[in-house]
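Structure file input.cif with mmCIF, C-alpha atoms:
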data_model
#
loop_
_atom_site.label_atom_id
_atom_site.label_comp_id
_atom_site.auth_asym_id
_atom_site.auth_seq_id
_atom_site.Cartn_x
_atom_site.Cartn_y
_atom_site.Cartn_z
CA MET T 13 100.09 121.24 97.69
CA LYS T 14 98.79 117.91 96.57
CA ALA T 15 101.01 115.23 95.07
CA ARG T 16 99.68 112.27 93.15
CA VAL T 17 101.99 109.31 92.68
CA HIS T 18 101.30 106.55 90.18
CA ILE T 19 103.37 103.40 90.69
CA THR T 20 103.49 100.77 87.97
CA LEU T 21 105.48 97.62 87.32
CA LYS T 22 108.41 98.00 84.96
CA ASN T 23 108.24 96.47 81.52
CA GLY T 24 109.46 92.88 81.63
CA VAL T 25 108.23 92.30 85.19
CA LEU T 26 105.43 89.74 85.17
CA ASP T 27 102.17 90.97 86.67
CA PRO T 28 100.09 87.93 87.64
CA GLN T 29 97.37 90.13 89.15
CA GLY T 30 97.08 92.09 85.91
CA LYS T 31 96.79 88.79 84.03
CA ALA T 32 94.02 87.60 86.37
CA ILE T 33 92.12 90.87 85.81
CA GLN T 34 92.51 90.45 82.06
CA HIS T 35 91.10 86.91 82.25
CA ALA T 36 88.18 88.10 84.38
CA LEU T 37 87.40 90.87 81.89
CA THR T 38 87.42 88.34 79.07
CA ALA T 39 85.09 86.11 81.11
CA LEU T 40 82.72 89.10 81.42
CA ASP T 41 82.71 89.36 77.60
CA PHE T 42 84.88 92.49 77.45
CA GLY T 43 86.74 91.58 74.27
CA GLY T 44 89.84 93.19 72.88
CA VAL T 45 91.69 93.81 76.16
CA ASP T 46 95.19 92.86 75.03
CA ASP T 47 96.97 93.41 78.33
CA VAL T 48 96.32 94.65 81.88
CA ARG T 49 98.95 96.06 84.21
CA GLN T 50 97.98 96.77 87.79
CA GLY T 51 99.61 99.49 89.87
CA LYS T 52 99.20 101.73 92.90
CA TYR T 53 97.99 105.30 93.30
CA ILE T 54 99.03 107.37 96.31
CA GLU T 55 97.83 110.90 97.21
CA LEU T 56 99.88 113.10 99.49
CA ASP T 57 98.88 116.42 101.08
CA LEU T 58 102.03 118.48 101.49
CA ALA T 59 102.71 121.56 103.61
CA GLU T 60 105.34 122.65 101.07
CA THR T 61 104.25 125.54 98.82
CA ASP T 62 107.20 125.58 96.41
CA ARG T 63 106.47 123.31 93.47
CA GLU T 64 110.08 122.37 92.73
CA LYS T 65 110.84 121.58 96.37
CA ALA T 66 107.66 119.52 96.63
CA LEU T 67 108.59 117.55 93.55
CA ALA T 68 112.14 116.91 94.83
CA SER T 69 110.78 115.79 98.19
CA VAL T 70 108.21 113.37 96.71
CA GLU T 71 110.86 112.05 94.32
CA ASP T 72 112.99 111.23 97.37
CA MET T 73 109.98 109.57 99.05
CA CYS T 74 109.45 107.41 95.97
CA LYS T 75 113.06 106.26 95.96
CA LYS T 76 113.21 105.58 99.70
CA LEU T 77 109.79 104.06 100.39
CA LEU T 78 106.82 104.56 98.09
CA SER T 79 108.18 102.48 95.21
CA ASN T 80 110.60 99.60 94.89
CA THR T 81 112.75 100.70 91.99
CA VAL T 82 113.91 97.13 91.37
CA ILE T 83 110.49 96.30 89.95
CA GLU T 84 108.50 99.53 89.79
CA ASN T 85 108.40 102.91 88.00
CA TYR T 86 106.74 105.99 89.43
CA VAL T 87 105.21 109.15 87.97
CA ILE T 88 104.60 112.21 90.17
CA GLU T 89 102.00 114.92 89.55
CA ILE T 90 102.06 118.06 91.71
CA GLU T 91 99.23 120.60 91.92
CA MET U 4 127.14 81.36 118.65
CA LYS U 5 125.30 84.40 119.95
CA SER U 6 122.20 85.30 118.01
CA ALA U 7 119.43 87.88 117.89
CA VAL U 8 115.94 87.72 116.40
CA ILE U 9 114.19 90.92 115.30
CA VAL U 10 110.46 91.01 115.99
CA PHE U 11 108.11 93.26 114.00
CA PRO U 12 104.38 93.84 114.51
CA ALA U 13 102.77 90.78 112.83
CA SER U 14 105.89 88.65 112.74
CA ASN U 15 104.59 85.12 113.34
CA CYS U 16 107.58 82.80 112.91
CA ASP U 17 109.71 84.60 115.48
CA ARG U 18 108.99 82.02 118.16
CA ASP U 19 109.87 79.11 115.86
CA MET U 20 113.16 80.84 115.05
CA ILE U 21 113.91 81.56 118.72
CA VAL U 22 113.16 77.95 119.70
CA ALA U 23 115.32 76.59 116.86
CA LEU U 24 118.27 78.87 117.65
CA GLU U 25 118.09 78.11 121.37
CA LYS U 26 117.86 74.36 120.79
CA ILE U 27 120.71 74.23 118.32
CA THR U 28 123.12 76.86 119.71
CA GLY U 29 122.39 76.18 123.36
CA HIS U 30 121.89 79.91 124.00
CA LYS U 31 118.64 81.83 124.02
CA PRO U 32 118.77 84.51 121.31
CA HIS U 33 118.35 88.18 122.13
CA ILE U 34 114.83 89.21 121.17
CA ILE U 35 114.85 92.65 119.59
CA TRP U 36 111.73 94.77 119.07
CA HIS U 37 111.75 96.64 115.76
CA GLN U 38 111.83 100.02 117.51
CA ASP U 39 114.96 99.15 119.49
CA GLU U 40 117.91 101.18 118.37
CA GLU U 41 120.54 98.94 119.93
CA ILE U 42 121.23 95.28 119.22
CA PRO U 43 123.43 93.44 121.74
CA ASP U 44 126.59 91.85 120.36
CA ALA U 45 125.54 88.88 118.19
CA ASP U 46 127.23 86.65 115.63
CA LEU U 47 123.97 86.15 113.78
CA ILE U 48 120.86 88.28 113.35
CA ALA U 49 117.71 86.54 112.13
CA LEU U 50 114.72 88.23 110.50
CA PRO U 51 111.77 85.87 110.96
CA GLY U 52 108.75 85.07 108.82
CA GLY U 53 105.34 86.64 109.14
CA PHE U 54 103.38 89.55 107.75
CA SER U 55 105.20 92.52 109.24
CA PHE U 56 103.05 95.67 109.25
CA GLY U 57 100.28 93.72 107.54
CA ASP U 58 102.26 93.64 104.27
CA TYR U 59 101.17 97.28 103.78
CA LEU U 60 102.51 98.98 100.64
CA ARG U 61 104.77 96.01 99.76
CA CYS U 62 105.78 92.93 101.76
CA GLY U 63 108.65 93.94 104.05
CA ALA U 64 108.62 97.60 102.96
CA MET U 65 107.73 99.08 106.34
CA ALA U 66 109.91 96.69 108.34
CA ALA U 67 112.89 97.56 106.12
CA ARG U 68 112.68 101.18 107.33
CA SER U 69 112.45 100.41 111.07
CA PRO U 70 115.11 101.59 113.56
CA ALA U 71 116.34 98.05 114.34
CA ILE U 72 116.96 97.41 110.64
CA GLN U 73 119.43 100.28 110.51
CA LYS U 74 121.45 98.35 113.11
CA VAL U 75 121.08 95.15 111.08
CA ILE U 76 122.50 96.97 108.05
CA GLU U 77 125.46 98.21 110.13
CA HIS U 78 126.01 94.66 111.47
CA ALA U 79 125.93 93.27 107.91
CA ASN U 80 128.29 95.94 106.62
CA ARG U 81 130.77 94.95 109.34
CA GLY U 82 130.62 91.40 107.96
CA GLY U 83 128.17 90.07 110.56
CA ASN U 84 125.91 87.22 109.52
CA VAL U 85 122.25 87.84 108.76
CA ILE U 86 119.49 85.44 107.74
CA GLY U 87 116.02 86.35 106.52
CA ILE U 88 113.39 83.64 106.26
CA CYS U 89 110.18 84.24 104.28
CA ASN U 90 109.08 87.75 105.32
CA GLY U 91 112.67 88.22 106.50
CA PHE U 92 113.86 87.57 102.93
CA GLN U 93 111.35 90.16 101.68
CA VAL U 94 112.71 92.65 104.23
CA LEU U 95 116.31 91.98 103.12
CA THR U 96 115.46 92.69 99.47
CA GLU U 97 113.58 95.84 100.49
CA THR U 98 116.67 97.12 102.35
CA GLY U 99 118.84 96.35 99.33
CA LEU U 100 121.05 93.98 101.36
CA LEU U 101 120.01 91.28 98.89
CA PRO U 102 119.25 91.90 95.20
CA GLY U 103 115.90 91.38 93.49
CA ALA U 104 112.36 91.43 94.83
CA LEU U 105 109.70 88.96 96.00
CA MET U 106 106.45 89.36 94.10
CA ARG U 107 102.96 87.86 94.34
CA ASN U 108 102.98 84.09 93.61
CA LYS U 109 102.28 83.41 89.95
CA SER U 110 99.12 81.46 90.85
CA LEU U 111 97.99 84.40 93.05
CA LYS U 112 97.39 81.81 95.79
CA PHE U 113 98.86 81.55 99.26
CA ILE U 114 100.78 78.26 99.11
CA CYS U 115 101.49 76.20 102.21
CA LYS U 116 103.17 72.86 101.49
CA ASP U 117 106.42 70.95 101.66
CA VAL U 118 108.79 71.62 98.76
CA ASN U 119 111.96 69.95 97.55
CA LEU U 120 115.00 72.19 97.59
CA LYS U 121 118.35 71.51 96.01
CA VAL U 122 121.44 72.77 97.82
CA GLU U 123 123.05 74.62 94.93
CA ASN U 124 126.16 75.71 96.78
CA ASN U 125 127.27 74.03 100.00
CA ASP U 126 130.34 76.23 100.35
CA THR U 127 128.54 78.88 102.41
CA ALA U 128 128.07 79.64 106.10
CA PHE U 129 124.43 78.57 105.73
CA THR U 130 124.68 75.35 103.73
CA ASN U 131 128.00 73.62 104.56
CA ALA U 132 126.36 70.84 106.61
CA TYR U 133 124.49 69.65 103.51
CA GLY U 134 125.96 67.79 100.56
CA GLN U 135 126.53 69.65 97.29
CA GLY U 136 123.41 69.06 95.21
CA GLN U 137 121.58 67.39 98.10
CA VAL U 138 117.78 67.52 97.83
CA ILE U 139 116.03 68.40 101.08
CA THR U 140 112.35 68.85 101.93
CA ILE U 141 111.37 72.06 103.68
CA PRO U 142 107.95 73.65 104.27
CA MET U 143 106.97 76.84 102.48
CA ALA U 144 104.05 79.10 103.43
CA HIS U 145 103.75 82.37 101.57
CA HIS U 146 101.73 84.53 99.20
CA ASP U 147 104.61 86.61 97.86
CA GLY U 148 107.63 84.45 97.17
CA ASN U 149 107.95 84.84 93.43
CA TYR U 150 111.60 85.85 93.13
CA PHE U 151 112.34 88.46 90.48
CA ALA U 152 115.66 89.93 89.42
CA ASP U 153 116.68 91.40 86.07
CA ASP U 154 118.72 89.31 83.61
CA GLU U 155 122.02 90.91 84.58
CA THR U 156 121.48 90.27 88.31
CA LEU U 157 120.36 86.69 87.65
CA LYS U 158 123.49 86.02 85.62
CA GLU U 159 125.66 87.41 88.40
CA LEU U 160 123.89 85.24 90.99
CA GLU U 161 124.27 82.14 88.82
CA ASP U 162 127.90 82.79 87.85
CA ASP U 163 129.03 83.60 91.40
CA GLY U 164 127.39 80.56 93.03
CA ARG U 165 125.12 82.82 95.01
CA ILE U 166 122.01 80.71 94.61
CA ALA U 167 121.82 78.75 97.84
CA PHE U 168 118.61 76.81 97.25
CA ARG U 169 116.47 76.07 94.20
CA TYR U 170 112.98 74.52 93.95
CA VAL U 171 113.34 71.09 92.33
CA ASP U 172 111.48 67.85 91.86
CA LYS U 173 112.35 64.71 93.84
CA ALA U 174 115.07 63.86 91.32
CA GLY U 175 116.70 67.25 91.79
CA GLN U 176 115.57 68.76 88.49
CA ALA U 177 114.57 72.43 88.47
CA THR U 178 111.47 71.93 86.30
CA ALA U 179 108.60 74.35 85.75
CA GLU U 180 106.30 71.91 87.59
CA ALA U 181 108.59 71.97 90.63
CA ASN U 182 108.49 75.77 90.74
CA PRO U 183 105.70 76.58 93.22
CA ASN U 184 105.50 80.34 92.85
CA GLY U 185 106.96 81.44 89.50
CA SER U 186 110.39 82.41 90.84
CA ARG U 187 112.91 83.12 88.10
CA ASN U 188 115.34 80.21 87.66
CA ASN U 189 113.41 78.33 90.41
CA ILE U 190 115.25 80.42 93.02
CA ALA U 191 114.26 79.71 96.64
CA GLY U 192 117.22 81.30 98.44
CA ILE U 193 120.22 83.50 97.67
CA ILE U 194 123.27 84.97 99.37
CA ASN U 195 124.91 88.36 98.99
CA ARG U 196 128.24 89.04 97.28
CA ARG U 197 130.17 89.01 100.57
CA LYS U 198 128.44 85.74 101.53
CA ASN U 199 127.43 86.83 105.02
CA ILE U 200 123.70 87.33 104.29
CA LEU U 201 121.18 84.71 103.22
CA GLY U 202 117.52 85.09 102.33
CA MET U 203 115.16 82.20 101.58
CA MET U 204 111.39 81.77 101.33
CA PRO U 205 110.97 78.22 102.78
CA HIS U 206 111.18 77.63 106.53
CA PRO U 207 114.07 75.43 107.79
CA GLU U 208 113.22 76.43 111.38
CA ARG U 209 110.00 74.44 111.05
CA LEU U 210 111.76 71.13 110.49
CA ILE U 211 114.42 70.61 113.13
CA GLU U 212 113.07 67.71 115.20
CA ASP U 213 111.26 64.47 114.48
CA ALA U 214 108.10 65.70 116.20
CA GLN U 215 107.78 68.23 113.37
CA GLY U 216 107.85 65.47 110.77
CA GLY U 217 111.50 65.63 109.79
CA ILE U 218 114.87 67.21 110.45
CA ASP U 219 115.89 68.50 107.03
CA GLY U 220 116.09 72.04 108.41
CA LEU U 221 118.67 71.09 111.01
CA GLY U 222 121.59 71.28 108.55
CA PHE U 223 120.86 74.96 107.96
CA PHE U 224 121.50 75.78 111.62
CA GLU U 225 124.39 73.31 111.96
CA SER U 226 126.05 75.00 108.98
CA MET U 227 126.04 78.32 110.80
CA ILE U 228 127.47 76.75 113.93
CA ASN U 229 130.26 75.19 111.84
CA ALA U 230 131.02 78.50 110.14
CA ILE U 231 130.61 80.90 113.00
CA ASN U 232 131.93 79.05 116.07
#
What is this file in C-alpha cells?
Amino acid sequence: MKARVHITLKNGVLDPQGKAIQHALTALDFGGVDDVRQGKYIELDLAETDREKALASVEDMCKKLLSNTVIENYVIEIE
Amino acid sequence: MKSAVIVFPASNCDRDMIVALEKITGHKPHIIWHQDEEIPDADLIALPGGFSFGDYLRCGAMAARSPAIQKVIEHANRGGNVIGICNGFQVLTETGLLPGALMRNKSLKFICKDVNLKVENNDTAFTNAYGQGQVITIPMAHHDGNYFADDETLKELEDDGRIAFRYVDKAGQATAEANPNGSRNNIAGIINRRKNILGMMPHPERLIEDAQGGIDGLGFFESMINAIN
C-alpha cells in the first residue's frame, strides 16, 4: 500500500518561509495571495495490505518521527 | 565532575565542548558515538552543536531517535544533568526532555554573531556562577534557533523561573531589536521542570579563555562544577 503524509504547521505557529514565498509571489505580480503556509509531503511504500493496520502504523510513525506535534499537524492518505 | 559528550554524524562543536569540559573539570570527558548503547557513569552529559544528520526532516529529529539518546533520557530521568547547546538544544526539544521547538530564524538567515544574554535565573546548576540579571556576551551561530512554545507552556516557563537566558540589548532590555531570531519572549535558553536539563542556542563553550576574545562562557561551566561537585 502507499501512504501519503502531509505535514503542515499548526495555526498560530509563525511560518517565516511561507511569508518569504508570499512576498516573492507578490514581487512576481501574483496578486491576491493572502497567506502562504509551507509544509512537507512524504510518500511511504508499505508492505502492509490491511488498510486499518497501515493507517495505525503510519499514525504511530507521525507521532514518533515524521512530525513534531508541538508545532505540526499531519494528514494521512492510504491507497 | 565526570562528563560525557555525545557525537552524532555532522556534529561540529563536539571538540569545542570536549576541550572546554577537560580544561574546566580537569578530566577528559567520555566521547560517546551516537550508536553506542552504553554511556559510562557521568555526572553530566553534553549534546554539542552542529548539524546532526544534515538537519534532515527537522533539526535534531534523527539524533533524538539514536540509541545513545535513549541512554541520555534514562540518565535524565534518574536526575542526571544534561546540557544541549545549539543543535543539542534542538535534540532535547525533539526528545521531549525540554518543551517547545526551535524553528527557522525569522529572517530566514543563518546568523553568526555575538549576542547579549541576560541571566534570568541564577539559582540553577547551570547559571549559579553568574549574577542574577547579569548581562553576558556569548556567540551564536545557527539557522534554526527561533524558540516556539504555546502560550500555556510559555507562561509555565516564565512563572517557574525556567528561562535561563534571554536575548537582550547592552542595557539588559529584552527588546525586539535585541531578538536575533524571532524567539518568543526573547528566549535563548531554558531548563526543565526538575532543573537538571538545560538547552540553549548560543555557545558558551566558545568563550572560555582570553585567546577566544573573552571568558563570559566560563561561568556556565563553573556553575556546573559548583552544583555537581
Query - 12 Å contact set for Asp72 of chain T, only C-alpha atoms, chain neighbours under 6 positions out, as a count of residues only - result: 7
Query raised in the report: In Å to one decimal, how far is atom CA of Met20 of chain U from atom CA of Asp172 of chain U?
Result: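 Answer for the atom CA of Asp172 of chain U to atom CA of Met20 of chain U separation: 26.6 Å.
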Report task. Determine the nearest neighbour of chain U from the options T:Asp62, T:Asp27, T:Glu71, T:Glu55, counting all atoms listed in the file. Result -> T:Asp27
Query raised in the report: Got a sec: who's within 12 Å of Val17 of chain T, counting all atoms listed in the file, leaving out chain neighbours fewer than 3 positions off, as a list of chain:residue names?
Result: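 My reading of the contact set: T:Lys14, T:Thr20, T:Gly51, T:Lys52, T:Tyr53, T:Ile54, T:Glu55, T:Leu56, T:Asp57, T:Leu67, T:Val70, T:Glu71, T:Met73, T:Cys74, T:Lys75, T:Leu78, T:Ser79, T:Asn85, T:Tyr86, T:Val87, T:Ile88, T:Glu89, T:Ile90, T:Glu91.
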Report task. When you get a sec, could you note down which chain T residues fall within 10 Å of chain U, using only C-alpha atoms, as a PyMOL selection string? Result -> chain T and resi 24-29+31-32+52+76-83
Query raised in the report: Do you know which residues are at most 8 Å from segment 215-232 of chain U counting all atoms listed in the file, after dropping those on the same chain fewer than 6 positions away, and could you put them as a PyMOL selection string?
Result: chain U and resi 4+24+27-28+46+128-133+139-141+206-209
Query raised in the report: Written as an MDAnalysis selection string, which residues does the PyMOL selection byres ((chain T and resi 45) around 12) give for the file shown?
Result: chainID T and resid 30:31 33:44 46:49
Query raised in the report: So how far away is atom CA of Arg16 of chain T from atom CA of Thr61 of chain T, in Å?
Result: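 Value for the atom CA of Thr61 of chain T-atom CA of Arg16 of chain T distance: 15.1 Å.
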Report task. Would you mind telling me which residue in U:Leu100, U:Leu160, U:Ala7, U:Ile194 lies nearest to Ala45 of chain U when using all atoms listed in the file? Result ->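 For Ala45 of chain U, the nearest of the given residues is U:Ala7.
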Requested in this report: Could you expand the PyMOL selection byres ((chain U and resi 34) around 6) into the explicit residues it covers here, written as a PyMOL selection string?
Outcome: chain U and resi 7-8+33+35
Query raised in the report: What residues come out when you apply the PyMOL selection byres ((chain U and resi 85) around 8) to this file, written as a PyMOL selection string?
Result: chain U and resi 47-50+75+79+83-84+86-87+199-201
Requested in this report: Could you please determine the separation between atom CA of Gln137 of chain U and atom CA of Val122 of chain U in Å, to one decimal place?
Outcome: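 The value is 5.4 Å.
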Give, as AutoDock Vina command-line options, the centre coordinates and the x, y and z edge lengths in Å to one decimal for an axis-aligned box around all listed atoms of segment 134-150 of chain U, padded by 6 Å on each side.
--center_x 114.1 --center_y 77.0 --center_z 98.7 --size_x 36.8 --size_y 31.2 --size_z 23.1
Report task. Choose the residue, out of U:Ile72, U:Ala144, U:Leu101, U:Ala23, that has the smallest atom-to-atom separation from Cys115 of chain U; count only C-alpha atoms. Result ->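 Nearest candidate to Cys115 of chain U out of U:Ile72, U:Ala144, U:Leu101, U:Ala23: U:Ala144.
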Report task. Could you give me, as a list of chain:residue names, the residues within 10 Å of Ala167 of chain U, counting all atoms listed in the file and dropping anything in the same chain fewer than 4 positions from it? Result ->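 Within the cut-off, the hits are U:Leu120, U:Lys121, U:Val122, U:Glu123, U:Asn124, U:Asn125, U:Asp126, U:Thr127, U:Phe129, U:Thr130, U:Leu160, U:Glu161, U:Ile190, U:Ala191, U:Gly192, U:Ile193, U:Ile194, U:Leu201, U:Gly202, U:Met203.
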Query raised in the report: Leaving out Pro51 of chain U and any residue of its chain fewer than 3 positions from it, which residues lie within 8 Å of it when counting only C-alpha atoms, given as a list in words?
Result: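 In the requested form, the answer reads Val8, Ile9, Val10, Ser14, Asn15, Cys16, Asp17, Met20, Gly87, Ile88, Cys89, Asn90 and Gly91 of chain U.
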